[in-house]
Amino acid sequence: MGRFDSLKSFFGIENYTKYTNDYFDRSNIKSSLYVSSVVVLLELWMICSTLFFQFFGNLNRSKQWLIIHLTCYGVLFLSSLTLLIFSILHHKKIIQTHKTWLGIRFIFSIISMGFGIYISYLDYLKGEQFITLITMTILVFCFTVWRPFFSILFLCSSYGFFFIICNNKIPASYATKVNLTIVLIIILLSAINAYRQKISEAKKDERLEQAHDILLKLSISDEVTGIANMNYFRGQAFELINNPQVNIKDYIYLYFDIENFKMLNQKYGFWEGNSFLKDFADFLKKTFDDGIIAHFSNDNFVVLTRDLKIKDKIMEICKKINDFQYDIRLGIKVGAYKPESKEVLPLIACDHARYACNTIKKNYNITYCEYDANMATRFQNKQYIINNFDQAIKNEYIKVYYQPQVNASDGKICGLEALARWDDPTYGLLSPADFIDTLEEYHQIHRLDMYIVDKVCRDIRDAKTTGRKVLPISLNFSRMDFDSLNLADEVGSCLKKYEIDKNAIHIEITESTLSEDDTKLKEELKSFRAQGYALWLDDFGSGYSGLNVLKEYDFDLIKIDMKFLSNFSGNEKARHILKNVINLAKALGMQTLTEGVETQEAYDFLRDNGCEKLQGYLFSKPIPKSEFEAKLDDGTFKV
């Protein structure tokens, strides 16, 4: 099979791609322009010179000779002129009748070879060389490219026929036979070589073209879904909204978020997940066939489309989602934004739609939400946080506030919790609720947390320097810190920088950030444990997986969520739960600290039932370092 393929390749009879065939055609059309132009000029010159010498020169050809030669010149002239005209029309893409052009080129080649054979035959009878045949052969087979099979067939047939008719008339000498054979071989090799060079160029160009197409596709489309990526979406959307004939108020931006897609990936694998995203993207294209659709990121998509029956279309998509045969219940949330003017850039419009979508992510019964004025205010605040975060860090607008933690047995302070507060020059004091979620959303929370670690370490060093008693301080960390940093190493470096002992801080991890299969987080916590840090579980009971967390992770203390103390007075269920949680912690070798203690009644109950530590407004709200130290000095706080 390999040899057969090699033979097919040598003779040029294998099947070529459309690109290669088109490449040959383009090349031959250009070559035909040159060849036909030269032949037209040559034949015009031959006709004119023949007539001139016949009537004004000293040559006296017979009438028969004159008619035959002028006919030959004329036929060749007309065929070359026809080829020239069609080549120009093809080159200019004025006509695309490809088969007609091939037919004219074929007829021109036969006429040229016939002309060469006839004139050279006459020259041979006069004892002259067969220059005309050689010339026409070069023009036909070397300037334009033929497949080797046709070159061999036409050349051997033409030269064989020429040799036969010449030899029959006057037997060829040995030298003539050798010369004719050498000329045939050289022209044949030249024709095959020209073909080889051209096929090599065609395949090389095709590979480059394919690479260019791939790069172009990657630059405008998403690799997983095949639809537009965000760069291309922004460009297309910008072009659409700036069209003078488009009324932007007729259009709407949609942001799609697929619920539980992460679970789908975990259970069925990434291949199945990608297949689902591809199917979902195809259905979006079908549903919004007049819109611009793009894969935003992960399980998120954006659409810019006419504002027509949007809710009906979203219901179709919800139904389609439910048709997928998975054990996991999938769903969608859709945020929408209607631009008020063409001044709103596509990127900002998508952010507005995304913001609207995020506001309903925890609402089970709501699928669709449009961006409104209230959201606009909150969105502007969020943008302010992101745009001014660097400046807040640089100028230390973000402060560390400390909330005391007391020993339940005597009410004396036994530790502190470090909390971030943003004292903004424009908006005043911002609480964590104003900026923590935003920093997490934009993956900047690790910078805030490490800034707080640095400030706390500096405060501990200052306390040691001034001779104050050093209280252990608990530090809160976001789940994203573990993804963004080698957290144990970063905290260790900061402690080393300020020469702080590990016993001076406690590492707090919120229950909601933990899961059974989070390998990286488990490794980081093991690293903290191995280096001697105390690990605290924050907000225990705020989620639904508390007992699993206690089974999978090892903590020194659990902080009981303040929700258990809500409406504490007279709530017997809360009392029973708190008592049993405290006993469970003791059985597992852990201490307990209850947050949100605001009444003496709650204090007495927790103390009497064995809770070791307490924290809440009954003792103190979070306060700046200076105020804390002042209360220590005046005896308000007892350590």
# chains A, B, ... in the order shown; residues from 1 in each chain; ligands from 1
$ residues_around --residues "segment 178-192 of chain A" --least-positions-apart "5" --cutoff "8 Å" --atoms "only C-alpha atoms" --output "JSON, numbers by chain"
{"A": [134, 137, 138, 141, 142, 145, 146, 147, 148, 151, 152, 155, 156, 159]}
$ write_last_selection --atoms "N, CA, C and O atoms" --output "tab-separated table (two decimals), in the first residue's frame"
chain	number	residue	atom	x	y	z
A	134	ILE	N	10.72	22.87	-29.09
A	134	ILE	CA	11.30	23.04	-27.75
A	134	ILE	C	10.71	24.26	-27.06
A	134	ILE	O	10.33	24.23	-25.89
A	137	THR	N	7.13	23.67	-26.04
A	137	THR	CA	7.08	22.71	-24.93
A	137	THR	C	7.41	23.39	-23.61
A	137	THR	O	6.74	23.16	-22.59
A	138	ILE	N	8.45	24.22	-23.61
A	138	ILE	CA	8.83	24.95	-22.39
A	138	ILE	C	7.70	25.88	-21.93
A	138	ILE	O	7.36	25.94	-20.75
A	141	PHE	N	4.70	23.44	-20.68
A	141	PHE	CA	4.89	22.49	-19.58
A	141	PHE	C	5.82	22.96	-18.46
A	141	PHE	O	5.87	22.30	-17.41
A	142	CYS	N	6.54	24.04	-18.65
A	142	CYS	CA	7.47	24.49	-17.60
A	142	CYS	C	7.00	25.76	-16.90
A	142	CYS	O	7.21	25.93	-15.70
A	145	VAL	N	2.05	24.55	-14.59
A	145	VAL	CA	2.36	23.29	-13.90
A	145	VAL	C	1.28	22.26	-14.21
A	145	VAL	O	0.09	22.52	-14.07
A	146	TRP	N	1.77	21.08	-14.63
A	146	TRP	CA	0.88	19.96	-14.89
A	146	TRP	C	1.23	18.83	-13.92
A	146	TRP	O	2.37	18.72	-13.46
A	147	ARG	N	0.29	18.01	-13.66
A	147	ARG	CA	0.59	16.81	-12.87
A	147	ARG	C	1.54	15.95	-13.69
A	147	ARG	O	1.39	15.85	-14.91
A	148	PRO	N	2.53	15.30	-13.05
A	148	PRO	CA	3.53	14.52	-13.79
A	148	PRO	C	2.93	13.50	-14.76
A	148	PRO	O	3.48	13.27	-15.84
A	151	SER	N	2.13	15.38	-17.84
A	151	SER	CA	3.36	15.84	-18.49
A	151	SER	C	4.03	14.70	-19.24
A	151	SER	O	4.45	14.85	-20.40
A	152	ILE	N	4.14	13.55	-18.57
A	152	ILE	CA	4.77	12.39	-19.21
A	152	ILE	C	3.96	11.95	-20.42
A	152	ILE	O	4.52	11.68	-21.50
A	155	LEU	N	4.07	14.87	-23.26
A	155	LEU	CA	5.41	15.08	-23.82
A	155	LEU	C	5.87	13.86	-24.62
A	155	LEU	O	6.41	13.99	-25.73
A	156	CYS	N	5.72	12.68	-24.03
A	156	CYS	CA	6.15	11.47	-24.73
A	156	CYS	C	5.35	11.27	-26.02
A	156	CYS	O	5.90	10.89	-27.07
A	159	TYR	N	6.53	14.16	-28.58
A	159	TYR	CA	7.87	13.94	-29.13
A	159	TYR	C	7.94	12.63	-29.90
A	159	TYR	O	8.69	12.51	-30.88
$ closest_atom_pairs --of "segment 284-307 of chain A" --to "segment 322-343 of chain A" --cutoff "10 Å" --atoms "only C-alpha atoms" --output "JSON lines"
{"residue": "A:Asp299", "atom": "CA", "partner": "A:Ile332", "partner_atom": "CA", "distance": 9.8}
{"residue": "A:Asn300", "atom": "CA", "partner": "A:Ile332", "partner_atom": "CA", "distance": 9.6}
{"residue": "A:Phe301", "atom": "CA", "partner": "A:Val334", "partner_atom": "CA", "distance": 9.6}
{"residue": "A:Val302", "atom": "CA", "partner": "A:Gly335", "partner_atom": "CA", "distance": 9.4}
{"residue": "A:Val303", "atom": "CA", "partner": "A:Ala336", "partner_atom": "CA", "distance": 9.4}
{"residue": "A:Leu304", "atom": "CA", "partner": "A:Tyr337", "partner_atom": "CA", "distance": 9.6}
{"residue": "A:Asp307", "atom": "CA", "partner": "A:Lys338", "partner_atom": "CA", "distance": 8.5}
$ residues_around --residues "segment 524-530 of chain A" --least-positions-apart "2" --cutoff "12 Å" --atoms "only C-alpha atoms" --output "ChimeraX atom specification"
/A:477,479,481-492,502-503,505-509,514,518-522,532-537,552-556
$ closest_residue --among "A:Lys551, A:Lys573, A:Arg196, A:Lys613" --to "Gln591 of chain A" --atoms "only C-alpha atoms"
A:Lys613
$ select_by_dssp --residues "segment 476-574 of chain A" --states "strand (DSSP E or B)" --output "count of residues only"
19
$ decode --residues "segment 523-537 of chain A" --atoms "all heavy atoms" --output "compact mmCIF listing (two decimals), in the first residue's frame"
# COMPACT_ATOMS: atom_id res chain seq x y z
N GLU A 523 -4.30 19.84 53.52
CA GLU A 523 -2.83 19.85 53.60
C GLU A 523 -2.33 21.10 54.29
O GLU A 523 -1.37 21.06 55.08
CB GLU A 523 -2.24 19.73 52.20
CG GLU A 523 -2.46 18.38 51.52
CD GLU A 523 -1.83 17.24 52.32
OE1 GLU A 523 -0.72 17.44 52.86
OE2 GLU A 523 -2.47 16.18 52.43
N GLU A 524 -2.95 22.25 53.99
CA GLU A 524 -2.53 23.51 54.63
C GLU A 524 -2.79 23.47 56.13
O GLU A 524 -1.97 23.92 56.93
CB GLU A 524 -3.25 24.69 53.99
CG GLU A 524 -2.71 25.11 52.64
CD GLU A 524 -1.34 25.77 52.75
OE1 GLU A 524 -1.09 26.51 53.72
OE2 GLU A 524 -0.51 25.52 51.87
N LEU A 525 -3.96 22.95 56.52
CA LEU A 525 -4.27 22.86 57.94
C LEU A 525 -3.33 21.90 58.66
O LEU A 525 -2.93 22.14 59.81
CB LEU A 525 -5.72 22.43 58.13
CG LEU A 525 -6.79 23.45 57.70
CD1 LEU A 525 -8.19 22.92 57.99
CD2 LEU A 525 -6.58 24.79 58.39
N LYS A 526 -2.97 20.81 57.98
CA LYS A 526 -1.98 19.89 58.56
C LYS A 526 -0.64 20.59 58.74
O LYS A 526 0.07 20.36 59.73
CB LYS A 526 -1.81 18.67 57.64
CG LYS A 526 -2.95 17.67 57.72
CD LYS A 526 -2.68 16.47 56.80
CE LYS A 526 -3.84 15.49 56.85
NZ LYS A 526 -3.62 14.34 55.92
N SER A 527 -0.30 21.45 57.77
CA SER A 527 0.95 22.20 57.87
C SER A 527 0.92 23.15 59.06
O SER A 527 1.89 23.27 59.81
CB SER A 527 1.20 22.97 56.57
OG SER A 527 2.41 23.69 56.63
N PHE A 528 -0.22 23.85 59.25
CA PHE A 528 -0.37 24.72 60.42
C PHE A 528 -0.22 23.91 61.70
O PHE A 528 0.46 24.31 62.65
CB PHE A 528 -1.74 25.40 60.40
CG PHE A 528 -1.77 26.69 59.62
CD1 PHE A 528 -2.64 26.84 58.54
CD2 PHE A 528 -0.97 27.76 59.98
CE1 PHE A 528 -2.69 28.03 57.83
CE2 PHE A 528 -1.00 28.96 59.27
CZ PHE A 528 -1.86 29.09 58.19
N ARG A 529 -0.91 22.77 61.75
CA ARG A 529 -0.87 21.92 62.93
C ARG A 529 0.55 21.43 63.23
O ARG A 529 1.02 21.48 64.37
CB ARG A 529 -1.81 20.73 62.72
CG ARG A 529 -1.75 19.65 63.79
CD ARG A 529 -2.33 20.12 65.10
NE ARG A 529 -3.76 20.31 65.03
CZ ARG A 529 -4.47 21.00 65.92
NH1 ARG A 529 -3.86 21.57 66.94
NH2 ARG A 529 -5.77 21.12 65.80
N ALA A 530 1.25 21.00 62.18
CA ALA A 530 2.61 20.49 62.35
C ALA A 530 3.57 21.56 62.85
O ALA A 530 4.54 21.27 63.56
CB ALA A 530 3.12 19.91 61.03
N GLN A 531 3.30 22.82 62.51
CA GLN A 531 4.17 23.92 62.92
C GLN A 531 3.79 24.50 64.29
O GLN A 531 4.43 25.44 64.75
CB GLN A 531 4.15 25.03 61.87
CG GLN A 531 4.74 24.61 60.53
CD GLN A 531 4.68 25.71 59.49
OE1 GLN A 531 4.98 26.86 59.77
NE2 GLN A 531 4.28 25.35 58.27
N GLY A 532 2.74 23.95 64.92
CA GLY A 532 2.43 24.34 66.28
C GLY A 532 1.39 25.42 66.44
O GLY A 532 1.25 26.00 67.54
N TYR A 533 0.62 25.73 65.42
CA TYR A 533 -0.43 26.74 65.53
C TYR A 533 -1.69 26.12 66.15
O TYR A 533 -1.98 24.94 65.93
CB TYR A 533 -0.81 27.31 64.17
CG TYR A 533 0.28 28.11 63.50
CD1 TYR A 533 1.18 27.51 62.62
CD2 TYR A 533 0.41 29.47 63.73
CE1 TYR A 533 2.18 28.24 61.99
CE2 TYR A 533 1.41 30.23 63.10
CZ TYR A 533 2.29 29.59 62.23
OH TYR A 533 3.26 30.32 61.62
N ALA A 534 -2.45 26.94 66.86
CA ALA A 534 -3.75 26.52 67.35
C ALA A 534 -4.80 26.78 66.27
O ALA A 534 -4.83 27.85 65.67
CB ALA A 534 -4.12 27.30 68.61
N LEU A 535 -5.65 25.78 66.00
CA LEU A 535 -6.66 25.90 64.96
C LEU A 535 -8.04 26.00 65.59
O LEU A 535 -8.43 25.16 66.41
CB LEU A 535 -6.61 24.69 64.02
CG LEU A 535 -5.29 24.47 63.25
CD1 LEU A 535 -5.40 23.21 62.39
CD2 LEU A 535 -4.98 25.67 62.40
N TRP A 536 -8.79 27.03 65.17
CA TRP A 536 -10.14 27.25 65.68
C TRP A 536 -11.13 27.13 64.53
O TRP A 536 -10.87 27.60 63.42
CB TRP A 536 -10.27 28.65 66.30
CG TRP A 536 -9.53 28.81 67.60
CD1 TRP A 536 -8.61 27.99 68.15
CD2 TRP A 536 -9.69 29.91 68.51
NE1 TRP A 536 -8.15 28.48 69.34
CE2 TRP A 536 -8.80 29.67 69.60
CE3 TRP A 536 -10.47 31.06 68.53
CZ2 TRP A 536 -8.70 30.54 70.68
CZ3 TRP A 536 -10.37 31.93 69.61
CH2 TRP A 536 -9.49 31.68 70.67
N LEU A 537 -12.29 26.51 64.83
CA LEU A 537 -13.37 26.42 63.86
C LEU A 537 -14.37 27.53 64.14
O LEU A 537 -15.03 27.54 65.20
CB LEU A 537 -14.04 25.05 63.93
CG LEU A 537 -15.26 24.85 63.03
CD1 LEU A 537 -14.88 24.99 61.55
CD2 LEU A 537 -15.90 23.49 63.29
